[in-house]
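protein_17.txt (compact mmCIF, C-alpha atoms) appears below.
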```txt
# COMPACT_ATOMS: atom_id res chain seq x y z
CA MET I 141 -62.18 219.26 -60.79
CA ALA I 142 -58.74 218.10 -61.70
CA MET I 143 -59.52 214.64 -60.42
CA SER I 144 -62.63 214.18 -62.50
CA ALA I 145 -60.92 215.64 -65.55
CA LEU I 146 -58.07 213.20 -65.14
CA ARG I 147 -60.45 210.33 -64.77
CA ARG I 148 -62.23 211.26 -67.95
CA GLU I 149 -58.91 211.60 -69.65
CA GLY I 150 -57.91 208.18 -68.38
CA LYS I 151 -61.06 206.75 -69.82
CA ARG I 152 -60.33 208.10 -73.18
CA LEU I 153 -56.79 206.84 -72.95
CA PHE I 154 -57.79 203.43 -71.73
CA PRO I 155 -58.31 201.64 -75.08
CA LEU I 156 -55.00 202.98 -76.30
CA ILE I 157 -52.99 201.24 -73.62
CA SER I 158 -52.33 197.64 -74.45
CA PRO I 159 -54.67 195.55 -72.30
CA THR I 160 -52.22 192.72 -71.62
CA SER I 161 -49.54 194.71 -69.81
CA ILE I 162 -51.54 196.22 -66.96
CA ASN I 163 -54.52 194.02 -67.17
CA ALA I 164 -55.57 193.45 -63.61
CA THR I 165 -55.04 196.90 -62.16
CA THR I 166 -56.65 198.83 -64.97
CA ALA I 167 -59.55 196.47 -65.09
CA ARG I 168 -60.27 197.10 -61.45
CA SER I 169 -59.77 200.84 -61.60
CA SER I 170 -61.92 201.16 -64.67
CA LEU I 171 -64.60 199.22 -62.88
CA VAL I 172 -64.47 201.50 -59.85
CA SER I 173 -64.60 204.68 -61.88
CA GLU I 174 -67.43 203.23 -63.89
CA GLU I 175 -69.32 202.75 -60.70
CA LEU I 176 -68.55 206.18 -59.31
CA ALA I 177 -69.02 208.13 -62.50
CA PRO I 178 -70.70 206.64 -65.51
CA TYR I 179 -69.17 207.45 -68.84
CA GLY I 180 -69.74 211.04 -69.79
CA ALA I 181 -70.93 212.07 -66.36
CA ARG I 182 -70.06 215.57 -65.29
CA SER I 183 -68.66 214.68 -61.88
CA ILE I 184 -68.33 211.84 -59.44
CA SER I 185 -71.64 210.42 -58.33
CA THR I 186 -72.34 210.82 -54.65
CA GLN I 187 -75.03 208.17 -54.73
CA ILE I 188 -72.83 205.43 -53.29
CA VAL I 189 -71.57 207.54 -50.43
CA ARG I 190 -75.14 208.53 -49.65
CA ASN I 191 -76.24 204.89 -49.54
CA ARG I 192 -73.31 204.00 -47.34
CA MET I 193 -74.15 206.82 -44.97
CA LYS I 194 -77.72 205.60 -44.75
CA SER I 195 -76.66 202.05 -43.89
CA VAL I 196 -74.15 203.22 -41.28
CA LYS I 197 -76.85 205.36 -39.72
CA ASN I 198 -79.19 202.37 -39.54
CA ILE I 199 -76.51 200.19 -37.96
CA GLN I 200 -75.86 202.88 -35.41
CA LYS I 201 -79.55 202.97 -34.55
CA ILE I 202 -79.59 199.20 -34.03
CA THR I 203 -76.50 199.16 -31.83
CA LYS I 204 -77.86 202.01 -29.74
CA ALA I 205 -81.12 200.13 -29.24
CA MET I 206 -79.22 196.96 -28.28
CA LYS I 207 -77.22 198.95 -25.77
CA MET I 208 -80.40 200.26 -24.17
CA VAL I 209 -81.89 196.77 -23.98
CA ALA I 210 -78.69 195.38 -22.45
CA ALA I 211 -78.59 198.19 -19.90
CA SER I 212 -82.12 197.56 -18.71
CA LYS I 213 -81.59 193.80 -18.57
CA LEU I 214 -78.36 194.32 -16.70
CA ARG I 215 -80.05 196.33 -13.95
CA ALA I 216 -82.56 193.58 -13.32
CA ILE I 217 -80.07 190.75 -13.31
CA GLN I 218 -77.31 192.51 -11.39
CA VAL I 219 -79.40 192.63 -8.21
CA ARG I 220 -80.17 188.93 -8.49
CA ALA I 221 -76.56 188.00 -9.15
CA GLU I 222 -75.37 189.97 -6.16
CA ASN I 223 -78.03 188.46 -3.94
CA SER I 224 -77.19 184.95 -5.10
CA ARG I 225 -73.64 185.33 -3.80
CA GLY I 226 -75.05 184.65 -0.36
CA LEU I 227 -75.82 181.11 -1.50
CA TRP I 228 -72.31 179.87 -2.07
CA GLN I 229 -70.44 181.88 0.54
CA PRO I 230 -71.48 179.65 3.46
CA PHE I 231 -70.33 176.61 1.52
CA THR I 232 -66.94 178.11 0.90
CA ALA I 233 -66.70 179.00 4.57
CA LEU I 234 -67.57 175.44 5.54
CA LEU I 235 -65.89 173.33 2.88
CA GLY I 236 -63.34 175.76 1.51
CA ASP I 237 -62.52 176.23 -2.14
CA SER I 238 -59.72 174.02 -3.35
CA PRO I 239 -59.03 174.68 -7.03
CA SER I 240 -55.66 172.91 -6.82
CA VAL I 241 -57.06 169.57 -5.72
CA ASN I 242 -55.60 166.67 -7.67
CA VAL I 243 -58.16 164.02 -8.55
CA LYS I 244 -58.76 161.54 -11.33
CA LYS I 245 -62.13 162.40 -12.82
CA ASN I 246 -62.54 166.06 -13.55
CA ILE I 247 -65.60 167.65 -15.06
CA ILE I 248 -65.24 171.20 -16.34
CA VAL I 249 -68.52 173.07 -16.49
CA THR I 250 -68.02 175.94 -18.93
CA VAL I 251 -70.67 178.59 -18.56
CA SER I 252 -71.24 180.84 -21.58
CA SER I 253 -74.02 182.75 -23.28
CA ASP I 254 -76.39 181.64 -26.01
CA LYS I 255 -76.16 184.87 -27.94
CA GLY I 256 -73.17 186.68 -29.34
CA LEU I 257 -72.25 190.35 -29.70
CA CYS I 258 -71.02 190.54 -26.15
CA GLY I 259 -67.29 191.11 -26.40
CA GLY I 260 -64.81 188.49 -25.27
CA ILE I 261 -66.50 186.91 -22.27
CA ASN I 262 -67.21 183.61 -23.99
CA SER I 263 -63.68 183.33 -25.36
CA THR I 264 -62.16 184.00 -21.94
CA SER I 265 -64.19 181.29 -20.27
CA VAL I 266 -63.37 178.84 -23.07
CA LYS I 267 -59.66 179.68 -22.82
CA MET I 268 -59.79 179.24 -19.07
CA SER I 269 -61.51 175.87 -19.45
CA LYS I 270 -58.91 174.71 -21.93
CA GLY I 271 -56.17 175.78 -19.54
CA ILE I 272 -57.72 173.79 -16.73
CA HIS I 273 -58.14 170.86 -19.07
CA LYS I 274 -54.42 170.96 -19.81
CA MET I 275 -53.50 171.32 -16.16
CA ASN I 276 -55.51 168.24 -15.27
CA ALA I 277 -54.34 166.12 -18.16
CA GLY I 278 -52.46 163.00 -17.27
CA PRO I 279 -52.06 159.35 -18.17
CA ASP I 280 -54.61 157.93 -15.74
CA LYS I 281 -56.81 161.00 -15.57
CA GLU I 282 -60.03 161.82 -17.31
CA THR I 283 -61.25 165.33 -17.92
CA LYS I 284 -64.55 166.08 -19.61
CA TYR I 285 -66.47 169.19 -20.52
CA VAL I 286 -70.04 170.04 -19.70
CA VAL I 287 -70.91 173.04 -21.83
CA VAL I 288 -73.61 175.50 -20.89
CA GLY I 289 -74.54 177.89 -23.69
CA GLU I 290 -74.32 177.94 -27.46
CA LYS I 291 -71.19 180.03 -27.85
CA ALA I 292 -68.77 177.97 -25.79
CA LYS I 293 -70.10 174.88 -27.54
CA ALA I 294 -69.27 176.37 -30.94
CA GLN I 295 -65.74 177.15 -29.80
CA LEU I 296 -65.06 173.84 -28.07
CA VAL I 297 -66.40 171.73 -30.92
CA ARG I 298 -63.47 172.90 -33.06
CA ASP I 299 -60.68 171.15 -31.22
CA SER I 300 -61.95 169.19 -28.25
CA LYS I 301 -65.26 167.72 -29.29
CA LYS I 302 -64.16 164.29 -28.12
CA ASP I 303 -64.14 165.57 -24.57
CA ILE I 304 -67.58 167.11 -24.51
CA GLU I 305 -69.91 165.09 -22.36
CA ILE I 306 -73.10 167.13 -22.21
CA SER I 307 -74.16 170.40 -23.76
CA ILE I 308 -76.97 172.56 -22.48
CA THR I 309 -78.61 175.39 -24.40
CA GLU I 310 -81.68 177.62 -24.36
CA LEU I 311 -81.27 178.25 -20.68
CA GLN I 312 -82.22 181.89 -20.87
CA LYS I 313 -85.53 181.62 -22.72
CA ASN I 314 -87.36 182.29 -19.46
CA PRO I 315 -85.93 184.49 -16.72
CA LEU I 316 -83.42 182.47 -14.74
CA ASN I 317 -84.63 180.93 -11.53
CA TYR I 318 -83.22 178.57 -8.97
CA THR I 319 -85.59 175.71 -9.79
CA GLN I 320 -84.43 175.68 -13.39
CA VAL I 321 -80.75 175.67 -12.50
CA SER I 322 -81.18 173.05 -9.83
CA VAL I 323 -82.96 170.71 -12.23
CA LEU I 324 -80.08 171.30 -14.61
CA ALA I 325 -77.55 170.59 -11.86
CA ASP I 326 -79.44 167.42 -11.10
CA ASP I 327 -79.26 166.36 -14.75
CA ILE I 328 -75.52 166.95 -14.79
CA LEU I 329 -74.96 165.03 -11.56
CA LYS I 330 -76.95 162.07 -12.80
CA ASN I 331 -75.15 161.85 -16.13
CA VAL I 332 -71.50 162.22 -15.23
CA GLU I 333 -69.08 160.54 -12.90
CA TYR I 334 -66.87 162.99 -11.13
CA ASP I 335 -64.34 163.51 -8.39
CA ALA I 336 -64.28 167.24 -8.86
CA LEU I 337 -66.53 169.63 -10.75
CA ARG I 338 -64.87 172.81 -11.88
CA ILE I 339 -67.26 175.55 -12.89
CA VAL I 340 -65.76 178.22 -15.12
CA PHE I 341 -67.66 181.49 -15.46
CA ASN I 342 -67.19 185.25 -15.65
CA LYS I 343 -67.70 186.85 -12.30
CA PHE I 344 -69.34 190.22 -12.57
CA GLN I 345 -67.38 193.03 -10.94
CA SER I 346 -68.52 196.13 -12.75
CA VAL I 347 -70.00 196.97 -16.14
CA VAL I 348 -66.56 196.94 -17.70
CA SER I 349 -64.70 194.29 -15.72
CA PHE I 350 -65.38 190.58 -15.50
CA VAL I 351 -63.10 188.14 -13.78
CA PRO I 352 -62.89 184.64 -15.18
CA THR I 353 -63.41 182.45 -12.14
CA VAL I 354 -63.23 178.78 -11.25
CA ALA I 355 -65.40 177.33 -8.53
CA THR I 356 -64.58 173.81 -7.45
CA VAL I 357 -67.11 171.34 -6.08
CA LEU I 358 -65.70 168.10 -4.76
CA SER I 359 -67.46 164.78 -4.60
CA PRO I 360 -68.34 163.55 -1.07
CA GLU I 361 -65.66 160.85 -1.15
CA VAL I 362 -62.97 163.38 -2.00
CA ILE I 363 -64.19 165.73 0.72
CA GLU I 364 -63.89 162.92 3.23
CA LYS I 365 -60.42 162.05 2.02
CA GLU I 366 -59.33 165.68 2.18
CA ALA I 367 -60.85 166.06 5.63
CA GLU I 368 -58.77 163.16 6.91
CA SER I 369 -55.59 164.67 5.58
CA GLY I 370 -56.29 167.91 7.41
CA GLY I 371 -56.28 171.44 6.07
CA THR I 372 -59.36 173.62 6.15
CA LEU I 373 -61.56 170.59 5.70
CA GLY I 374 -60.08 169.06 8.86
CA ASP I 375 -62.36 171.26 10.94
CA LEU I 376 -65.35 169.40 9.58
CA ASP I 377 -65.23 166.91 12.43
CA ASN I 378 -65.88 169.69 14.94
CA TYR I 379 -69.45 169.99 13.71
CA GLU I 380 -72.10 168.03 15.49
CA ILE I 381 -74.49 166.22 13.18
CA GLU I 382 -78.10 166.07 14.27
CA GLY I 383 -80.42 163.24 13.34
CA GLY I 384 -79.69 159.71 12.33
CA GLU I 385 -77.63 160.45 9.23
CA THR I 386 -74.07 159.36 8.92
CA LYS I 387 -71.36 161.80 7.94
CA GLY I 388 -71.18 160.33 4.46
CA GLU I 389 -74.86 160.96 3.83
CA VAL I 390 -74.63 164.50 5.09
CA LEU I 391 -71.62 165.16 2.92
CA GLN I 392 -73.33 163.76 -0.13
CA ASN I 393 -76.38 165.96 0.43
CA LEU I 394 -74.12 168.93 1.02
CA ALA I 395 -72.07 168.32 -2.10
CA GLU I 396 -75.17 168.05 -4.25
CA PHE I 397 -76.74 171.16 -2.80
CA GLN I 398 -73.43 173.01 -3.04
CA PHE I 399 -73.18 172.19 -6.72
CA SER I 400 -76.66 173.48 -7.50
CA CYS I 401 -76.05 176.67 -5.51
CA VAL I 402 -72.66 177.35 -7.05
CA LEU I 403 -74.02 176.66 -10.51
CA PHE I 404 -76.95 178.99 -9.90
CA ASN I 405 -74.61 181.76 -8.87
CA ALA I 406 -72.24 181.03 -11.78
CA ILE I 407 -75.02 181.19 -14.35
CA LEU I 408 -76.40 184.42 -12.90
CA GLU I 409 -72.98 186.04 -12.72
CA ASN I 410 -72.26 185.00 -16.27
CA ALA I 411 -75.59 186.32 -17.53
CA CYS I 412 -74.85 189.56 -15.75
CA SER I 413 -71.37 189.79 -17.26
CA GLU I 414 -72.88 189.02 -20.66
CA GLN I 415 -75.24 191.98 -20.46
CA GLY I 416 -72.47 194.25 -19.19
CA ALA I 417 -70.12 193.18 -21.94
CA ARG I 418 -72.83 193.59 -24.54
CA MET I 419 -73.54 197.05 -23.22
CA SER I 420 -69.95 198.21 -23.55
CA ALA I 421 -69.51 196.45 -26.91
CA MET I 422 -72.60 198.12 -28.30
CA ASP I 423 -71.51 201.44 -26.85
CA SER I 424 -68.18 201.32 -28.62
CA SER I 425 -69.71 200.08 -31.86
CA SER I 426 -72.23 202.93 -31.95
CA ARG I 427 -69.37 205.31 -31.24
CA ASN I 428 -67.43 203.78 -34.15
CA ALA I 429 -70.46 204.11 -36.38
CA GLY I 430 -70.65 207.78 -35.41
CA ASP I 431 -67.00 208.31 -36.30
CA MET I 432 -67.46 206.60 -39.62
CA LEU I 433 -70.54 208.67 -40.32
CA ASP I 434 -68.57 211.85 -39.61
CA ARG I 435 -65.85 210.85 -42.04
CA LEU I 436 -68.34 209.89 -44.72
CA THR I 437 -70.26 213.13 -44.28
CA LEU I 438 -67.05 215.08 -44.68
CA THR I 439 -66.17 213.24 -47.90
CA TYR I 440 -69.68 213.62 -49.22
CA ASN I 441 -69.84 217.34 -48.55
CA ARG I 442 -66.40 217.96 -49.94
CA THR I 443 -67.22 216.12 -53.18
CA ARG I 444 -70.51 217.90 -53.53
CA GLN I 445 -68.85 221.26 -52.94
CA ALA I 446 -66.15 220.42 -55.48
CA SER I 447 -68.68 219.61 -58.17
CA ILE I 448 -70.58 222.82 -57.45
CA THR I 449 -67.36 224.82 -57.71
CA THR I 450 -66.52 223.11 -60.99
CA GLU I 451 -69.85 223.96 -62.48
CA LEU I 452 -69.59 227.58 -61.34
CA ILE I 453 -66.13 227.95 -62.82
CA GLU I 454 -67.30 226.45 -66.08
CA ILE I 455 -70.26 228.82 -66.29
CA ILE I 456 -68.21 231.88 -65.36
CA SER I 457 -65.34 231.10 -67.69
CA GLY I 458 -67.78 230.36 -70.48
CA ALA I 459 -69.50 233.71 -69.88
CA SER I 460 -66.22 235.60 -69.75
CA ALA I 461 -65.09 233.91 -72.95
CA LEU I 462 -68.23 235.17 -74.68
CA THR I 463 -67.88 238.73 -73.44
CA GLY I 464 -64.10 238.95 -73.74
CA MET O 36 -86.21 162.48 13.99
CA SER O 37 -88.49 162.63 10.98
CA SER O 38 -85.78 163.77 8.59
CA GLY O 39 -83.52 161.01 9.79
CA ALA O 40 -86.10 158.45 8.83
CA ALA O 41 -86.91 160.12 5.52
CA VAL O 42 -83.40 160.16 4.13
CA PRO O 43 -83.13 156.54 3.02
CA PHE O 44 -86.54 156.62 1.37
CA TRP O 45 -85.95 159.36 -1.16
CA ARG O 46 -82.37 158.31 -1.67
CA ALA O 47 -83.56 154.75 -2.29
CA ALA O 48 -86.07 156.06 -4.82
CA GLY O 49 -83.17 157.31 -6.92
CA MET O 50 -83.57 160.96 -6.05
CA THR O 51 -80.76 163.32 -5.35
CA TYR O 52 -80.91 165.88 -2.61
CA ILE O 53 -81.65 168.52 -5.23
CA THR O 54 -84.76 166.77 -6.50
CA TYR O 55 -85.89 166.15 -2.94
CA SER O 56 -85.45 169.77 -1.93
CA ASN O 57 -87.16 170.97 -5.10
CA ILE O 58 -90.19 168.82 -4.39
CA CYS O 59 -90.29 170.19 -0.85
CA ALA O 60 -90.00 173.75 -2.18
CA SER O 61 -92.79 173.12 -4.64
CA LEU O 62 -95.03 171.81 -1.85
CA VAL O 63 -94.34 174.90 0.21
CA ARG O 64 -95.15 177.14 -2.76
CA ASN O 65 -98.44 175.34 -3.23
CA CYS O 66 -99.38 176.21 0.33
CA LEU O 67 -99.34 179.94 -0.39
CA LYS O 68 -102.52 181.98 -0.74
CA GLU O 69 -103.69 183.14 -4.13
CA PRO O 70 -101.99 186.37 -5.22
CA HIS O 71 -98.65 185.11 -3.97
CA LYS O 72 -99.17 181.58 -5.16
CA THR O 73 -99.19 182.26 -8.92
CA GLU O 74 -96.22 184.54 -8.54
CA ALA O 75 -94.24 181.93 -6.65
CA ILE O 76 -95.21 179.16 -9.04
CA SER O 77 -94.04 181.26 -11.98
CA ARG O 78 -90.55 180.91 -10.53
CA GLU O 79 -90.80 177.18 -11.08
CA LYS O 80 -90.66 177.32 -14.86
CA VAL O 81 -88.01 174.99 -16.18
CA HIS O 82 -86.86 175.12 -19.76
CA PHE O 83 -83.60 174.11 -21.37
CA ALA O 84 -82.28 171.75 -23.99
CA VAL O 85 -79.81 169.06 -23.03
CA SER O 86 -77.91 166.87 -25.43
CA LYS O 87 -75.50 164.15 -24.46
CA TRP O 88 -72.41 163.74 -26.59
CA ALA O 89 -70.88 160.47 -27.68
CA GLU O 90 -67.92 159.97 -30.01
CA GLY O 91 -67.58 163.70 -30.51
CA LYS O 92 -71.10 164.11 -31.82
CA PRO O 93 -74.18 165.43 -30.08
CA GLN O 94 -77.00 162.97 -29.68
CA LYS O 95 -80.59 163.93 -30.25
CA PRO O 96 -81.32 166.96 -28.06
CA SER O 97 -84.01 166.42 -25.51
CA ASN O 98 -85.93 169.16 -23.85
CA SER O 99 -85.66 168.82 -20.15
CA PRO O 100 -88.40 166.82 -18.57
CA LEU O 101 -90.49 168.95 -16.30
CA THR O 102 -89.73 166.80 -13.32
CA LEU O 103 -91.40 169.11 -10.88
CA SER O 104 -94.76 169.89 -12.35
CA THR O 105 -95.38 166.37 -13.59
CA SER O 106 -94.33 164.49 -10.50
CA ILE O 107 -96.64 166.36 -8.14
```

How does the structure come out when it is put into structure tokens?
Amino acid sequence: MAMSALRREGKRLFPLISPTSINATTARSSLVSEELAPYGARSISTQIVRNRMKSVKNIQKITKAMKMVAASKLRAIQVRAENSRGLWQPFTALLGDSPSVNVKKNIIVTVSSDKGLCGGINSTSVKMSKGIHKMNAGPDKETKYVVVGEKAKAQLVRDSKKDIEISITELQKNPLNYTQVSVLADDILKNVEYDALRIVFNKFQSVVSFVPTVATVLSPEVIEKEAESGGTLGDLDNYEIEGGETKGEVLQNLAEFQFSCVLFNAILENACSEQGARMSAMDSSSRNAGDMLDRLTLTYNRTRQASITTELIEIISGASALTG
Amino acid sequence: MSSGAAVPFWRAAGMTYITYSNICASLVRNCLKEPHKTEAISREKVHFAVSKWAEGKPQKPSNSPLTLSTSI
């Protein structure tokens, strides 16, 4: 009651105060009070709060629905991602994973999603890619990006668009399958020259944890060079090669097939992480919307109650003034 | 060995191992009987948009050629 009385008083006082001295602040406050309570209104209007509550409720409905959709998509894709891990594991057992290899032509394949609203997974893979780019920078070295997905493209265009070689989008229009990814891998292999391909993606661990991961695929020449210098690749000579192919041919076939398999797994894992991240993001945003709704409801009810009390007091005091 | 003789041919035709294995996979899928065949062939759908970049700008995006379904 006191508040609304003061506001009305302020309104009446307003023309008296010289407009130049406190121009900006009074102008804004008069505007706000105008919106909340038109001149001569009995109490503050609750219309705006009611509208706000309605919109928050609608947003909450949308985020809840998105969470449900993400959860059901996640279940389907999680099985496939976990099964696809069997594709790259033999390659790692055979050729090893050597992320620290030092070669001239590096290609960084950044895997991201096409759609947003999925937490920080795209930013982490972009950050990781930039870090690898820096690590492999040098005077006689060349490092290029191949960007899979709309979101990483948008982030990389800002400061390293000169280094983008190929960008691929709309991968997830149809459900992901190996044929699609292998054709994509083929396109990448045909269009870039590389000594090492580094695939950056978010490996799915659980619905709330994703590990940014780098998988390295070496070109056949580099594998041969590494094999000569020993290490895990030195064991490669122990294998007997059937048929009339030379070791170089076998290695080239292997490297190509390894790339398509690793890329397939990377894209599946990333899609899985995307759905998981979206699920938890949507969960927390619908929880936030609920909190906000609670606060707004409290304000709304309090204001309504205050105006009712005011009216009652006015009626009662008016009646007692008449009788007394 | 048949595979030993086949290697130079597809490599000479400008194919990578991936293309070669995809064509083989597609042939195997076509050998399936009917209820399984359509299901397996539905896993062959390929769709994505690729654009090459030059001078920091994307070139005209091209939808991926359906190498599999058109070549066989």

Residue nearest O:Ala75 among I:Thr319, I:Thr283, I:Asn441, I:Gln229 (counting all atoms listed in the file):
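Between I:Thr319, I:Thr283, I:Asn441, I:Gln229, the residue approaching O:Ala75 most closely is I:Thr319.
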
I need the residue nearest O:Val85 from this list: I:Val340, I:Ala395, I:Leu324, I:Ala292. Use all atoms listed in the file for the distance.
I:Leu324

Atomic separation - atom CA of I:Ile306 relative to atom CA of I:Glu290, Å:
12.1 Å

Residues within 10 Å of (-91.5, 178.7, -6.9), file coordinates, counting only C-alpha atoms: what are they? Give the list as a count of residues only.
19

Please provide the set of residues having any atom within 7 Å of stretch 248-256 of chain I, restricted to only C-alpha atoms, with same-chain residues fewer than 6 positions apart removed, written as a list in words.
Asn262, Ser265, Val266, Ser269, Lys284, Tyr285, Val286, Val287, Val288, Gly289, Glu290, Lys291, Ala292, Thr309, Glu310, Leu337, Arg338, Ile339, Val340, Phe341, Ile407, Asn410, Ala411 and Glu414 of chain I

Determine, counting all atoms listed in the file, which protein, DNA and RNA residues have an atom within 9 Å of an atom of I:Met419; residues of the same chain fewer than 6 positions away are not included. Present the result as a PyMOL selection string.
chain I and resi 206-211+214+258+347-348

For chain I, list the residues within 10 Å of chain O, counting only C-alpha atoms, and write the list as a PyMOL selection string.
chain I and resi 286-289+297+300-331+382-386+389-390+392-401

Just how far from atom CA of I:Ile455 is atom CA of I:Asn191, in Å to one decimal?
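Those two atoms sit 29.8 Å apart.
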
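The space separating atom CA of I:Leu234 from atom CA of O:Cys59 comes to 24.2 Å.
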
Padding 5 Å on every side, please: axis-aligned box over the listed atoms of stretch 200-204 of chain I, centre and edge lengths to one decimal in Å, as JSON.
```
{"center_x": -77.7, "center_y": 201.1, "center_z": -32.6, "size_x": 13.7, "size_y": 13.8, "size_z": 15.7}
```
